[in-house]
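K.L.:
For reference, the file work-v8.cif (mmCIF, C-alpha atoms) is included below:
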```cif
data_target
loop_
_atom_site.label_atom_id
_atom_site.label_comp_id
_atom_site.auth_asym_id
_atom_site.auth_seq_id
_atom_site.Cartn_x
_atom_site.Cartn_y
_atom_site.Cartn_z
CA MET S 8 0.00 0.00 0.00
CA ARG S 9 1.31 3.33 -0.93
CA ARG S 10 1.70 5.70 1.98
CA SER S 11 1.05 9.32 1.49
CA SER S 12 3.69 11.70 2.66
CA PRO S 13 2.99 13.42 5.94
CA PRO S 14 2.12 17.08 5.61
CA LEU S 15 5.13 19.28 5.86
CA ARG S 16 5.50 21.05 9.14
CA PRO S 17 6.38 24.75 8.95
CA SER S 18 10.06 23.99 9.48
CA GLY S 19 9.89 21.36 6.76
CA ARG S 20 8.18 23.78 4.46
CA ARG S 21 10.80 26.35 5.18
CA ALA S 22 13.51 23.85 4.45
CA ALA S 23 11.78 22.91 1.21
CA PHE S 24 11.50 26.57 0.36
CA SER S 25 15.19 27.06 1.07
CA VAL S 26 16.01 24.37 -1.47
CA ALA S 27 13.62 25.95 -3.96
CA LEU S 28 15.12 29.34 -3.24
CA ALA S 29 18.61 28.05 -3.85
CA LEU S 30 17.43 26.73 -7.19
CA ALA S 31 15.72 30.00 -7.94
CA ILE S 32 18.88 31.94 -7.27
CA ALA S 33 20.86 29.59 -9.43
CA ILE S 34 18.33 29.98 -12.22
CA ALA S 35 18.12 33.71 -11.71
CA GLY S 36 21.87 33.81 -11.99
CA ALA S 37 21.52 32.33 -15.40
CA THR S 38 18.75 34.72 -16.29
CA CYS S 39 19.51 37.94 -18.05
CA VAL S 40 23.19 37.26 -17.68
CA SER S 41 23.96 40.21 -19.82
CA ALA S 42 22.72 42.47 -22.51
CA HIS S 43 22.55 41.25 -26.05
CA ARG S 44 25.22 43.70 -27.00
CA LEU S 45 26.05 44.16 -30.64
CA ASP S 46 29.51 45.41 -31.48
CA GLU S 47 31.02 46.00 -28.06
CA TYR S 48 33.02 43.76 -25.77
CA LEU S 49 31.85 44.46 -22.23
CA GLN S 50 34.55 43.87 -19.62
CA ALA S 51 33.26 44.32 -16.09
CA ALA S 52 35.85 44.18 -13.31
CA ARG S 53 35.15 43.88 -9.62
CA LEU S 54 37.95 44.21 -7.11
CA ASN S 55 37.78 42.81 -3.63
CA ILE S 56 40.45 43.99 -1.20
CA ASP S 57 41.60 42.02 1.83
CA PRO S 58 44.48 42.97 4.12
CA ASP S 59 46.82 40.51 2.43
CA ARG S 60 45.35 39.92 -1.01
CA VAL S 61 43.30 41.37 -3.84
CA GLU S 62 40.75 39.45 -5.83
CA LEU S 63 39.87 40.49 -9.37
CA GLN S 64 36.77 39.13 -11.03
CA LEU S 65 36.38 39.97 -14.70
CA ASP S 66 33.18 39.27 -16.62
CA LEU S 67 33.68 39.35 -20.39
CA THR S 68 30.64 39.62 -22.65
CA PRO S 69 31.21 39.91 -26.39
CA GLY S 70 28.40 41.42 -28.46
CA ILE S 71 26.63 39.42 -31.15
CA ALA S 72 28.66 40.94 -33.95
CA LEU S 73 31.90 40.07 -32.15
CA ALA S 74 31.08 36.58 -31.04
CA ASP S 75 32.78 34.76 -33.92
CA ARG S 76 35.91 36.84 -33.53
CA ILE S 77 36.22 36.27 -29.80
CA VAL S 78 35.38 32.57 -30.03
CA ALA S 79 38.03 32.20 -32.75
CA GLU S 80 40.57 33.81 -30.42
CA ILE S 81 39.75 31.29 -27.71
CA ASP S 82 39.18 28.17 -29.82
CA ARG S 83 42.73 28.02 -31.15
CA ASN S 84 42.50 24.57 -32.74
CA ARG S 85 39.23 25.51 -34.46
CA ASP S 86 37.49 22.31 -33.42
CA GLY S 87 34.33 24.15 -32.43
CA ALA S 88 34.76 23.44 -28.73
CA ILE S 89 36.58 25.40 -26.09
CA SER S 90 38.80 23.23 -23.96
CA ASP S 91 40.04 23.93 -20.47
CA ASP S 92 43.52 24.64 -21.82
CA GLU S 93 42.19 27.01 -24.45
CA LEU S 94 40.23 28.95 -21.86
CA ARG S 95 43.27 29.07 -19.60
CA ALA S 96 45.37 30.34 -22.51
CA TYR S 97 42.78 33.00 -23.26
CA ALA S 98 42.78 34.05 -19.62
CA ALA S 99 46.54 34.57 -19.94
CA VAL S 100 45.98 36.78 -23.00
CA VAL S 101 43.44 38.83 -21.06
CA GLN S 102 45.82 39.05 -18.13
CA ASN S 103 48.52 40.46 -20.38
CA GLY S 104 46.32 43.52 -20.83
CA ILE S 105 45.76 43.98 -17.12
CA THR S 106 47.85 45.92 -14.67
CA LEU S 107 47.26 45.55 -10.97
CA ALA S 108 49.46 47.41 -8.51
CA VAL S 109 49.42 48.53 -4.93
CA ASP S 110 51.32 51.66 -3.92
CA GLY S 111 53.18 51.45 -7.22
CA HIS S 112 54.27 47.84 -6.75
CA GLN S 113 53.05 45.63 -9.57
CA LEU S 114 51.16 42.56 -8.40
CA GLN S 115 51.22 39.07 -9.91
CA PRO S 116 47.64 37.78 -10.12
CA GLN S 117 47.11 34.03 -10.26
CA LEU S 118 44.12 32.67 -12.13
CA VAL S 119 41.97 30.77 -9.64
CA GLU S 120 38.69 30.32 -11.50
CA LYS S 121 37.41 30.35 -15.05
CA HIS S 122 33.93 29.75 -16.33
CA LEU S 123 32.45 29.49 -19.80
CA PRO S 124 28.79 30.34 -20.46
CA ALA S 125 26.33 27.82 -21.85
CA VAL S 126 26.92 26.70 -25.39
CA GLY S 127 25.13 29.02 -27.75
CA ALA S 128 25.04 31.97 -25.40
CA ILE S 129 28.09 33.74 -26.82
CA PRO S 130 26.76 33.82 -30.41
CA GLN S 131 23.59 35.42 -29.04
CA GLY S 132 25.57 38.11 -27.27
CA THR S 133 24.36 36.92 -23.88
CA GLY S 134 27.26 34.71 -22.84
CA THR S 135 29.66 35.92 -20.19
CA ILE S 136 33.12 34.46 -19.71
CA GLN S 137 34.00 34.76 -16.04
CA LEU S 138 37.61 34.88 -14.89
CA ARG S 139 38.87 35.33 -11.36
CA TRP S 140 42.39 36.06 -10.20
CA VAL S 141 43.90 36.48 -6.78
CA ALA S 142 47.05 38.50 -6.12
CA ARG S 143 48.89 38.39 -2.83
CA LEU S 144 49.83 41.78 -1.45
CA PRO S 145 53.25 42.57 -0.03
CA PRO S 146 53.28 43.24 3.71
CA LEU S 147 51.55 46.59 4.13
CA SER S 148 51.68 48.89 7.10
CA ALA S 149 48.55 50.28 8.66
CA GLY S 150 47.46 53.48 6.98
CA PRO S 151 46.44 54.71 3.54
CA HIS S 152 47.17 52.69 0.39
CA ARG S 153 46.28 52.88 -3.29
CA LEU S 154 45.28 50.01 -5.53
CA PHE S 155 45.63 50.63 -9.25
CA TYR S 156 43.86 48.65 -11.96
CA ARG S 157 44.15 49.06 -15.72
CA ASN S 158 42.58 46.95 -18.46
CA THR S 159 43.70 47.39 -22.06
CA HIS S 160 42.40 44.09 -23.39
CA HIS S 161 40.75 44.73 -26.77
CA ARG S 162 40.84 48.48 -26.57
CA ASP S 163 39.39 48.62 -30.09
CA ILE S 164 36.07 47.07 -29.13
CA GLY S 165 36.07 47.08 -25.33
CA VAL S 166 33.72 48.92 -23.02
CA TYR S 167 34.68 48.74 -19.40
CA LEU S 168 33.28 48.76 -15.90
CA ALA S 169 35.58 48.87 -12.89
CA ASN S 170 34.30 48.71 -9.35
CA VAL S 171 35.45 47.79 -5.89
CA LEU S 172 33.28 45.83 -3.49
CA VAL S 173 32.71 46.90 0.09
CA PRO S 174 35.47 44.92 1.83
CA ALA S 175 34.30 41.98 3.89
CA ASN S 176 37.26 42.40 6.23
CA ASP S 177 36.72 45.30 8.61
CA ARG S 178 40.44 46.10 8.65
CA VAL S 179 40.00 47.49 5.13
CA ALA S 180 37.97 50.62 4.38
CA VAL S 181 37.62 52.16 0.92
CA THR S 182 38.20 55.89 1.18
CA GLY S 183 38.19 57.02 -2.44
CA GLN S 184 37.71 55.97 -6.04
CA ASP S 185 39.05 57.53 -9.22
CA ARG S 186 38.44 56.37 -12.80
CA ASP S 187 39.26 57.61 -16.24
CA MET S 188 36.29 58.44 -18.48
CA ASP S 189 36.05 54.93 -19.95
CA GLN S 190 36.82 53.03 -16.75
CA ARG S 191 39.90 51.42 -18.25
CA GLU S 192 41.87 52.81 -15.34
CA PHE S 193 40.70 52.68 -11.78
CA THR S 194 42.41 53.72 -8.56
CA VAL S 195 41.03 52.76 -5.18
CA ALA S 196 42.24 54.59 -2.11
CA TYR S 197 41.84 52.56 1.03
CA GLU S 198 42.79 52.54 4.67
CA LEU S 199 44.32 49.47 6.26
CA ARG S 200 43.86 49.19 10.00
CA ASP S 201 46.06 47.28 12.41
CA ALA S 202 44.67 43.91 13.38
CA GLN S 203 44.55 45.07 17.00
CA THR S 204 42.77 48.37 16.36
CA ARG S 205 40.18 47.27 13.89
CA GLY S 206 36.69 48.55 14.50
CA SER S 207 33.54 46.56 14.87
CA ARG S 208 31.43 47.73 12.01
CA GLY S 209 29.35 44.58 12.19
CA PHE S 210 28.19 44.66 8.63
CA ALA S 211 25.08 42.56 8.43
CA LEU S 212 25.48 42.76 4.67
CA ALA S 213 28.51 40.54 4.70
CA GLY S 214 26.57 37.90 6.57
CA ILE S 215 23.64 38.11 4.22
CA GLY S 216 26.00 38.03 1.28
CA GLY S 217 27.44 34.86 2.74
CA VAL S 218 23.99 33.34 3.10
CA LEU S 219 23.17 34.21 -0.51
CA ALA S 220 26.49 32.88 -1.70
CA GLY S 221 25.77 29.70 0.23
CA CYS S 222 22.36 29.43 -1.40
CA VAL S 223 23.92 29.91 -4.81
CA PHE S 224 26.49 27.26 -4.04
CA ALA S 225 23.79 24.88 -2.84
CA GLY S 226 21.68 25.71 -5.87
CA VAL S 227 24.49 25.08 -8.27
CA ALA S 228 25.23 21.81 -6.53
CA LEU S 229 21.59 20.79 -6.76
CA VAL S 230 21.26 21.81 -10.34
CA GLY S 231 24.36 19.85 -11.14
CA GLY S 232 24.85 19.24 -14.80
CA ARG S 233 21.21 19.93 -15.58
CA ARG S 234 20.79 22.55 -18.23
CA GLN S 235 19.74 25.81 -16.66
CA ARG S 236 16.97 27.80 -18.18
CA SER S 237 18.40 30.98 -19.51
CA ALA S 238 16.89 34.11 -20.82
CA SER S 239 18.35 37.29 -22.09
CA CYS S 240 17.73 40.91 -21.62
CA MET C 29 14.40 36.29 -27.90
CA PHE C 30 11.06 38.00 -28.33
CA GLY C 31 7.55 36.57 -28.02
CA LEU C 32 5.39 34.79 -25.47
CA ASP C 33 7.34 31.57 -25.87
CA ASN C 34 10.29 33.22 -24.21
CA TYR C 35 8.61 34.08 -20.92
CA TRP C 36 8.29 31.76 -17.93
CA LEU C 37 6.25 31.67 -14.76
CA ALA C 38 7.60 29.58 -11.90
CA PHE C 39 6.35 28.85 -8.40
CA LEU C 40 9.04 27.93 -5.89
CA GLY C 41 7.77 26.37 -2.72
CA ALA C 42 4.11 25.88 -1.94
CA PRO C 43 1.97 29.02 -2.15
CA SER C 44 0.96 29.82 1.42
CA THR C 45 -0.35 32.67 3.52
CA THR C 46 2.04 31.83 6.35
CA THR C 47 5.25 30.26 5.06
CA PRO C 48 7.68 31.57 2.45
CA TRP C 49 7.27 30.86 -1.23
CA MET C 50 8.30 32.58 -4.39
CA LEU C 51 6.91 33.59 -7.72
CA GLN C 52 9.38 34.06 -10.53
CA PHE C 53 8.34 35.62 -13.83
CA GLY C 54 10.71 36.53 -16.55
CA GLY C 55 12.09 36.38 -20.02
CA HIS C 56 13.44 38.90 -22.42
CA HIS C 57 13.94 42.22 -20.63
CA LEU C 58 12.10 41.13 -17.54
CA ALA C 59 13.00 39.25 -14.38
CA ILE C 60 10.64 39.53 -11.42
CA ASN C 61 11.47 37.63 -8.23
CA LEU C 62 8.63 38.01 -5.75
CA THR C 63 9.15 36.27 -2.41
CA LEU C 64 6.19 36.16 -0.04
CA GLY C 65 6.19 35.08 3.59
CA GLY C 66 3.06 35.82 5.56
CA SER C 67 2.70 39.57 5.78
CA GLN C 68 6.17 40.12 4.36
CA ALA C 69 7.22 40.39 0.75
CA SER C 70 10.33 41.11 -1.25
CA MET C 71 10.38 41.92 -4.95
CA THR C 72 14.13 42.01 -5.15
CA PRO C 73 16.17 41.37 -7.13
CA SER C 74 14.15 42.29 -10.19
CA LEU C 75 15.14 43.52 -13.59
CA PRO C 76 12.53 45.58 -15.42
CA ALA C 77 13.95 46.59 -18.78
CA ALA C 78 12.75 47.65 -22.21
CA GLN C 79 13.58 47.47 -25.89
CA PRO C 80 12.05 49.30 -27.60
CA ALA C 81 11.57 51.86 -24.87
CA ARG C 82 9.02 53.81 -26.91
CA TYR C 83 6.45 52.39 -29.31
CA THR C 84 2.87 52.81 -30.47
CA PHE C 85 0.20 50.27 -29.59
CA GLU C 86 -3.41 50.66 -30.71
CA GLY C 87 -2.77 54.29 -31.43
CA ARG C 88 -1.24 54.99 -28.03
CA GLU C 89 2.35 55.80 -27.32
CA VAL C 90 3.82 53.37 -24.81
CA ARG C 91 7.00 54.05 -22.85
CA PRO C 92 7.53 51.13 -20.44
CA LEU C 93 10.17 53.02 -18.45
CA GLY C 94 8.99 56.52 -19.36
CA ARG C 95 8.07 57.72 -15.87
CA GLU C 96 11.31 56.39 -14.44
CA ASN C 97 13.25 58.23 -17.13
CA ASP C 98 11.35 61.51 -16.86
CA LYS C 99 11.41 61.65 -13.05
CA ALA C 100 15.15 61.03 -13.03
CA PHE C 101 15.83 63.81 -15.51
CA ALA C 102 13.53 66.10 -13.52
CA LEU C 103 15.52 65.35 -10.38
CA ILE C 104 18.98 65.89 -11.86
CA ASN C 105 17.80 69.15 -13.41
CA ALA C 106 16.29 70.30 -10.13
CA LEU C 107 19.73 70.24 -8.51
CA ASP C 108 21.78 73.40 -8.49
CA ALA C 109 25.15 73.44 -10.23
CA SER C 110 27.18 72.47 -7.17
CA HIS C 111 24.87 69.60 -6.31
CA GLN C 112 24.87 68.43 -9.92
CA ALA C 113 28.64 68.40 -9.79
CA GLN C 114 28.46 66.14 -6.75
CA ALA C 115 25.89 63.83 -8.30
CA ILE C 116 27.44 63.47 -11.74
CA LEU C 117 30.15 60.83 -11.98
CA LYS C 118 33.21 61.72 -14.00
CA TYR C 119 33.10 58.52 -16.01
CA ARG C 120 30.82 56.64 -18.39
CA VAL C 121 28.80 53.69 -17.11
CA ALA C 122 28.14 51.21 -19.92
CA ASP C 123 25.95 48.75 -18.05
CA LEU C 124 24.47 47.72 -14.72
CA VAL C 125 27.10 47.34 -12.02
CA LEU C 126 25.05 45.12 -9.70
CA GLY C 127 23.04 43.37 -12.38
CA PRO C 128 22.34 39.65 -12.76
CA THR C 129 24.82 37.25 -11.08
CA GLN C 130 25.92 39.96 -8.64
CA ASP C 131 23.82 38.75 -5.72
CA GLY C 132 25.16 39.56 -2.29
CA LYS C 133 27.66 42.15 -3.54
CA THR C 134 27.82 45.72 -2.29
CA ILE C 135 29.78 48.63 -3.71
CA PRO C 136 30.65 51.84 -1.90
CA PRO C 137 28.02 54.48 -2.70
CA GLU C 138 28.93 57.36 -5.00
CA GLY C 139 27.26 60.60 -6.03
CA ILE C 140 25.42 63.08 -3.84
CA PRO C 141 24.09 62.06 -0.42
CA ALA C 142 20.37 62.59 0.00
CA THR C 143 21.15 64.64 3.08
CA ALA C 144 22.55 67.34 0.79
CA LEU C 145 19.29 67.59 -1.13
CA THR C 146 16.46 69.97 -0.32
CA ALA C 147 13.25 68.54 1.12
CA LYS C 148 11.61 68.83 -2.30
CA GLU C 149 14.51 67.09 -4.01
CA GLN C 150 14.38 64.32 -1.41
CA GLU C 151 10.70 63.89 -2.21
CA MET C 152 11.59 63.67 -5.90
CA LEU C 153 14.20 61.03 -5.11
CA LEU C 154 11.70 58.96 -3.11
CA ASP C 155 9.10 59.38 -5.84
CA LEU C 156 11.63 58.10 -8.36
CA ALA C 157 12.42 55.06 -6.18
CA HIS C 158 8.69 54.41 -5.86
CA GLU C 159 8.57 53.63 -9.58
CA TRP C 160 10.31 50.35 -8.66
CA THR C 161 8.98 49.74 -5.16
CA GLY C 162 5.44 50.46 -6.35
CA ILE C 163 5.39 47.61 -8.84
CA VAL C 164 3.81 45.57 -6.03
CA THR C 165 0.56 46.50 -4.31
CA ASP C 166 0.42 49.39 -1.82
CA ALA C 167 0.19 47.00 1.13
CA PHE C 168 3.72 45.81 0.39
CA ALA C 169 5.07 49.00 -1.19
CA GLU C 170 4.24 51.28 1.74
CA PRO C 171 6.39 49.58 4.39
CA ARG C 172 9.16 49.28 1.83
CA MET C 173 9.02 53.01 1.11
CA ALA C 174 8.92 53.76 4.84
CA GLU C 175 12.11 51.74 5.25
CA ILE C 176 13.81 53.55 2.36
CA LYS C 177 12.75 56.89 3.81
CA ALA C 178 14.10 55.92 7.22
CA ASN C 179 17.47 55.23 5.58
CA LEU C 180 17.50 58.42 3.53
CA ALA C 181 20.43 59.84 5.50
CA GLN C 182 22.59 57.03 4.10
CA THR C 183 21.20 57.10 0.58
CA TYR C 184 23.02 58.44 -2.48
CA PHE C 185 22.06 59.51 -5.99
CA ALA C 186 24.60 59.19 -8.80
CA TRP C 187 24.32 60.18 -12.44
CA SER C 188 26.44 59.59 -15.53
CA GLY C 189 25.78 61.27 -18.86
CA PRO C 190 24.07 64.36 -20.21
CA THR C 191 21.25 65.99 -18.25
CA THR C 192 19.00 66.73 -21.24
CA ASN C 193 15.98 64.44 -21.27
CA GLY C 194 16.23 62.15 -24.24
CA SER C 195 19.91 61.48 -23.64
CA PRO C 196 21.21 57.98 -22.82
CA SER C 197 22.14 58.65 -19.19
CA TYR C 198 22.77 56.23 -16.36
CA PHE C 199 21.69 56.75 -12.77
CA ARG C 200 21.86 54.88 -9.48
CA ILE C 201 20.05 55.23 -6.17
CA GLN C 202 21.85 53.42 -3.39
CA GLY C 203 21.07 53.11 0.29
CA PRO C 204 21.48 50.47 3.01
CA THR C 205 18.43 48.55 1.81
CA LEU C 206 18.17 49.78 -1.76
CA VAL C 207 19.97 49.65 -5.06
CA ILE C 208 18.29 50.92 -8.21
CA GLU C 209 20.26 51.25 -11.43
CA TYR C 210 19.03 52.53 -14.79
CA ALA C 211 21.44 51.80 -17.64
CA PRO C 212 20.86 52.64 -21.31
CA GLN C 213 22.60 50.08 -23.50
CA GLN C 214 25.19 50.99 -26.12
CA GLY C 215 24.27 54.67 -25.97
CA SER C 216 20.67 54.03 -26.96
CA VAL C 217 17.63 55.51 -25.23
CA ASP C 218 15.58 52.76 -26.84
CA HIS C 219 17.26 49.91 -24.98
CA ILE C 220 17.22 50.25 -21.21
CA HIS C 221 18.15 47.87 -18.42
CA THR C 222 17.31 48.52 -14.79
CA ILE C 223 17.94 46.53 -11.63
CA TYR C 224 16.14 46.80 -8.32
CA ARG C 225 17.77 45.25 -5.25
CA ASP C 226 17.59 45.20 -1.49
CA PRO C 227 21.08 44.10 -0.34
CA THR C 228 19.59 42.99 2.98
CA ASN C 229 16.55 41.22 1.64
CA ASP C 230 17.09 39.91 -1.90
CA TYR C 231 15.00 36.77 -2.37
CA GLY C 232 13.36 37.54 0.99
CA ALA C 233 16.57 36.62 2.82
CA ARG C 234 15.43 38.42 5.97
CA PHE C 235 12.31 36.36 6.49
CA ALA C 236 12.72 33.32 4.26
CA SER C 237 15.89 31.97 5.81
CA LYS C 238 14.86 32.22 9.48
#
```
Show me, as structure tokens, the structure contained in the file I just sent.

P.N.:
Amino acid sequence: MRRSSPPLRPSGRRAAFSVALALAIAIAGATCVSAHRLDEYLQAARLNIDPDRVELQLDLTPGIALADRIVAEIDRNRDGAISDDELRAYAAVVQNGITLAVDGHQLQPQLVEKHLPAVGAIPQGTGTIQLRWVARLPPLSAGPHRLFYRNTHHRDIGVYLANVLVPANDRVAVTGQDRDMDQREFTVAYELRDAQTRGSRGFALAGIGGVLAGCVFAGVALVGGRRQRSASC
Amino acid sequence: MFGLDNYWLAFLGAPSTTTPWMLQFGGHHLAINLTLGGSQASMTPSLPAAQPARYTFEGREVRPLGRENDKAFALINALDASHQAQAILKYRVADLVLGPTQDGKTIPPEGIPATALTAKEQEMLLDLAHEWTGIVTDAFAEPRMAEIKANLAQTYFAWSGPTTNGSPSYFRIQGPTLVIEYAPQQGSVDHIHTIYRDPTNDYGARFASK
């Protein structure tokens, strides 16, 4: 005899909703990933500063009219598929156009993550290639510092965004931002506090961001290899 | 990418008057994430956008983001020269900064603080924000607006681009519980993306995860 499932208690419902929410966030992440740009190559950088390292995330979205050109640059053996090595090699090309320095000292970013969009998204101008680097900082004293970022990758077709995130570590406080007109160059002024004298800003946002990131992680894990529904905007 | 076949409606969780659930509606130029939990609701993050941004339907001119556009230009032009100088960023903004896939991220606010605005300009700013918060019914929009108003002292308004209405200009309203961005694409006033977020309550995080 088939037993019916017991009704979900509120906590069970909430747990079920959390799973659904994680999926929703994962799907939403795939939704409207980017504009269907035409003849521009959007390169959106986000910098995250910690006391001892800087993270650079770069989202690259070629427009429809540029898709073949960019794919050809990545797919070096022209087999119609982009391999891990080809994407890594492309990341190195991108990195050649990037300068990252703190207080005038050039940093050496290491590629730590690379992600290709779903097949077919790039030709539609909605696919975003995501690259993430981490650069260790030299020992810095407490006080003011300046982080410099420059991106010259594909200057002929590139449009750029450069932003810094509110630091998660309360020893770091952003005190100023300066960009050139096209956001190819970006300088972040920030204050580094001693470990002993750091304040207690208690940013709830960081915690919530962590929860959301956790949901996304859980959602991605749940979705697994299943094809995500994607839409464009 | 256009047409009814490219829009989806999804229910996440069981619809309930007491426990959290979510309605997701979206497709080309639209992503609405509505999380409901008893008397609480969150419509963030959502992405109302438009292309074309002006067209004629049954003899009527339709501008899906027309009020948002016009109220923003009215606000930037209401500011005096020194306040405009504070509000206007010295760089171009080609797209949304905290758009899709940027959940949980916060950037330092830029532009002019609302505290520097006159009472009338503050009202204009709130009225502009209401174009997004008011997508839901008044019962949910009113507490949301009250919260935004309560945080006005920490809210900023930033602008990039010309101040003549009809120009492809970007703007951002950012406070502790609010991010609104309006970003014309590729210099076109006929292709607009916007994003509406609550960094503390996207996907109903405040009440759905308890």

K.L.:
Kindly give the distance, in Å, that separates atom CA of S:Pro130 and atom CA of C:Thr222, rounded to a single decimal.

P.N.:
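Atom CA of S:Pro130 sits 23.4 Å away from atom CA of C:Thr222.
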
K.L.:
List every residue of chain C that has an atom at most 7 Å from any atom of chain S, giving for each one its closest atom pair and the distance in Å to one decimal, counting all atoms listed in the file, sorted by chain and then by ascending residue number, as a tab-separated table.

P.N.:
```
residue	atom	partner	partner_atom	distance
C:Leu40	CA	S:Ala27	CA	5.3
C:Gly41	CA	S:Phe24	CA	4.8
C:Thr47	CA	S:Arg21	CA	6.8
C:Pro48	CA	S:Phe24	CA	6.6
C:Trp49	CA	S:Phe24	CA	6.2
C:Gly55	CA	S:Ala238	CA	5.4
C:His56	CA	S:Cys240	CA	4.8
C:His57	CA	S:Cys240	CA	4.1
C:Leu58	CA	S:Cys240	CA	7.0
C:Lys118	CA	S:Met188	CA	6.3
C:Tyr119	CA	S:Met188	CA	4.0
C:Arg120	CA	S:Asp189	CA	5.7
C:Val121	CA	S:Leu168	CA	6.8
C:Ala122	CA	S:Val166	CA	6.8
C:Pro128	CA	S:Val40	CA	5.5
C:Thr129	CA	S:Gly36	CA	4.6
C:Asp131	CA	S:Leu219	CA	6.9
C:Gly132	CA	S:Gly216	CA	4.0
C:Lys133	CA	S:Gly216	CA	6.6
C:Thr134	CA	S:Val173	CA	5.6
C:Ile135	CA	S:Leu172	CA	4.5
C:Pro136	CA	S:Val173	CA	5.7
C:Pro227	CA	S:Leu212	CA	6.8
C:Thr228	CA	S:Leu212	CA	6.1
C:Ser237	CA	S:Ser25	CA	6.9
```

K.L.:
Stretch 163-180 of chain C: which residues within 8 Å, counting only C-alpha atoms, same-chain residues fewer than 4 positions away excluded, as a list of chain:residue names?

P.N.:
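Near neighbours after the sequence-gap exclusion: C:Gln68, C:Ala69, C:Met71, C:Ala142, C:Thr143, C:Leu154, C:His158, C:Glu159, C:Gly203, C:Pro204, C:Thr205, C:Leu206.
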
K.L.:
Please, what distance in Å, to one decimal, runs between atom CA of C:Ala181 and atom CA of C:Ala77?

P.N.:
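Between atom CA of C:Ala181 and atom CA of C:Ala77 the gap is 28.4 Å.
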
K.L.:
At what distance in Å, to one decimal, does atom CA of S:His112 lie from atom CA of S:Arg153?

P.N.:
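Atom-to-atom, atom CA of S:Arg153 and atom CA of S:His112 are spaced 10.1 Å apart.
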
K.L.:
Identify, on the basis of only C-alpha atoms, every residue whose closest approach to C:Leu124 does not exceed 8 Å; exclude the query and any residue fewer than 5 positions from it along the same chain; express the result as a VMD selection string.

P.N.:
chain C and resid 209 to 211 221 to 223

K.L.:
Using C-alpha atoms, can you write the selected residues to a file as a CSV table (one decimal), in the coordinates of the input?

P.N.:
```
chain,number,residue,atom,x,y,z
C,209,GLU,CA,20.3,51.2,-11.4
C,210,TYR,CA,19.0,52.5,-14.8
C,211,ALA,CA,21.4,51.8,-17.6
C,221,HIS,CA,18.2,47.9,-18.4
C,222,THR,CA,17.3,48.5,-14.8
C,223,ILE,CA,17.9,46.5,-11.6
```

K.L.:
Written as a ChimeraX atom specification, what is the full residue list that the PyMOL selection byres ((chain C and resi 82) around 9) yields on the file shown?

P.N.:
/C:78-81,83-84,89-94,217-218

K.L.:
Please produce an output containing C-alpha atoms for each residue in the selection, written as a PDB file, in the coordinates of the input.

P.N.:
```pdb
ATOM      1  CA  ALA C  78      12.750  47.650 -22.210  1.00  0.00           C
ATOM      2  CA  GLN C  79      13.580  47.470 -25.890  1.00  0.00           C
ATOM      3  CA  PRO C  80      12.050  49.300 -27.600  1.00  0.00           C
ATOM      4  CA  ALA C  81      11.570  51.860 -24.870  1.00  0.00           C
ATOM      5  CA  TYR C  83       6.450  52.390 -29.310  1.00  0.00           C
ATOM      6  CA  THR C  84       2.870  52.810 -30.470  1.00  0.00           C
ATOM      7  CA  GLU C  89       2.350  55.800 -27.320  1.00  0.00           C
ATOM      8  CA  VAL C  90       3.820  53.370 -24.810  1.00  0.00           C
ATOM      9  CA  ARG C  91       7.000  54.050 -22.850  1.00  0.00           C
ATOM     10  CA  PRO C  92       7.530  51.130 -20.440  1.00  0.00           C
ATOM     11  CA  LEU C  93      10.170  53.020 -18.450  1.00  0.00           C
ATOM     12  CA  GLY C  94       8.990  56.520 -19.360  1.00  0.00           C
ATOM     13  CA  VAL C 217      17.630  55.510 -25.230  1.00  0.00           C
ATOM     14  CA  ASP C 218      15.580  52.760 -26.840  1.00  0.00           C
TER      15      ASP C 218
END
```

K.L.:
Taking 4 positions as the minimum chain separation for residues in the same chain, which residues sit within 8 Å of C:Ala115 when counting only C-alpha atoms? Answer as a list in words.

P.N.:
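These residues fall inside the cut-off: His111, Glu138, Gly139, Ile140, Phe185, Ala186 and Trp187 of chain C.
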
K.L.:
With all atoms listed in the file as the counted atoms, please give the residues lying no more than 7 Å from stretch 158-160 of chain S, apart from itself and same-chain residues fewer than 3 positions off, as a tab-separated table (two decimals) with C-alpha atoms, in the coordinates of the input.

P.N.:
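The resulting file, result_0.tsv, is reproduced below:
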```tsv
chain	number	residue	atom	x	y	z
S	101	VAL	CA	43.44	38.83	-21.06
S	104	GLY	CA	46.32	43.52	-20.83
S	105	ILE	CA	45.76	43.98	-17.12
S	106	THR	CA	47.85	45.92	-14.67
S	191	ARG	CA	39.90	51.42	-18.25
S	192	GLU	CA	41.87	52.81	-15.34
```

K.L.:
Please evaluate the PyMOL selection byres ((chain S and resi 81) around 8) against the structure above and give the resulting residues as a ChimeraX atom specification.

P.N.:
/S:77-80,82-83,89,93-94,96-97

K.L.:
Skip S:Arg95 itself and residues of its chain fewer than 4 positions away, then list as a ChimeraX atom specification all residues within 8 Å of it, counting only C-alpha atoms.

P.N.:
/S:91,99,121
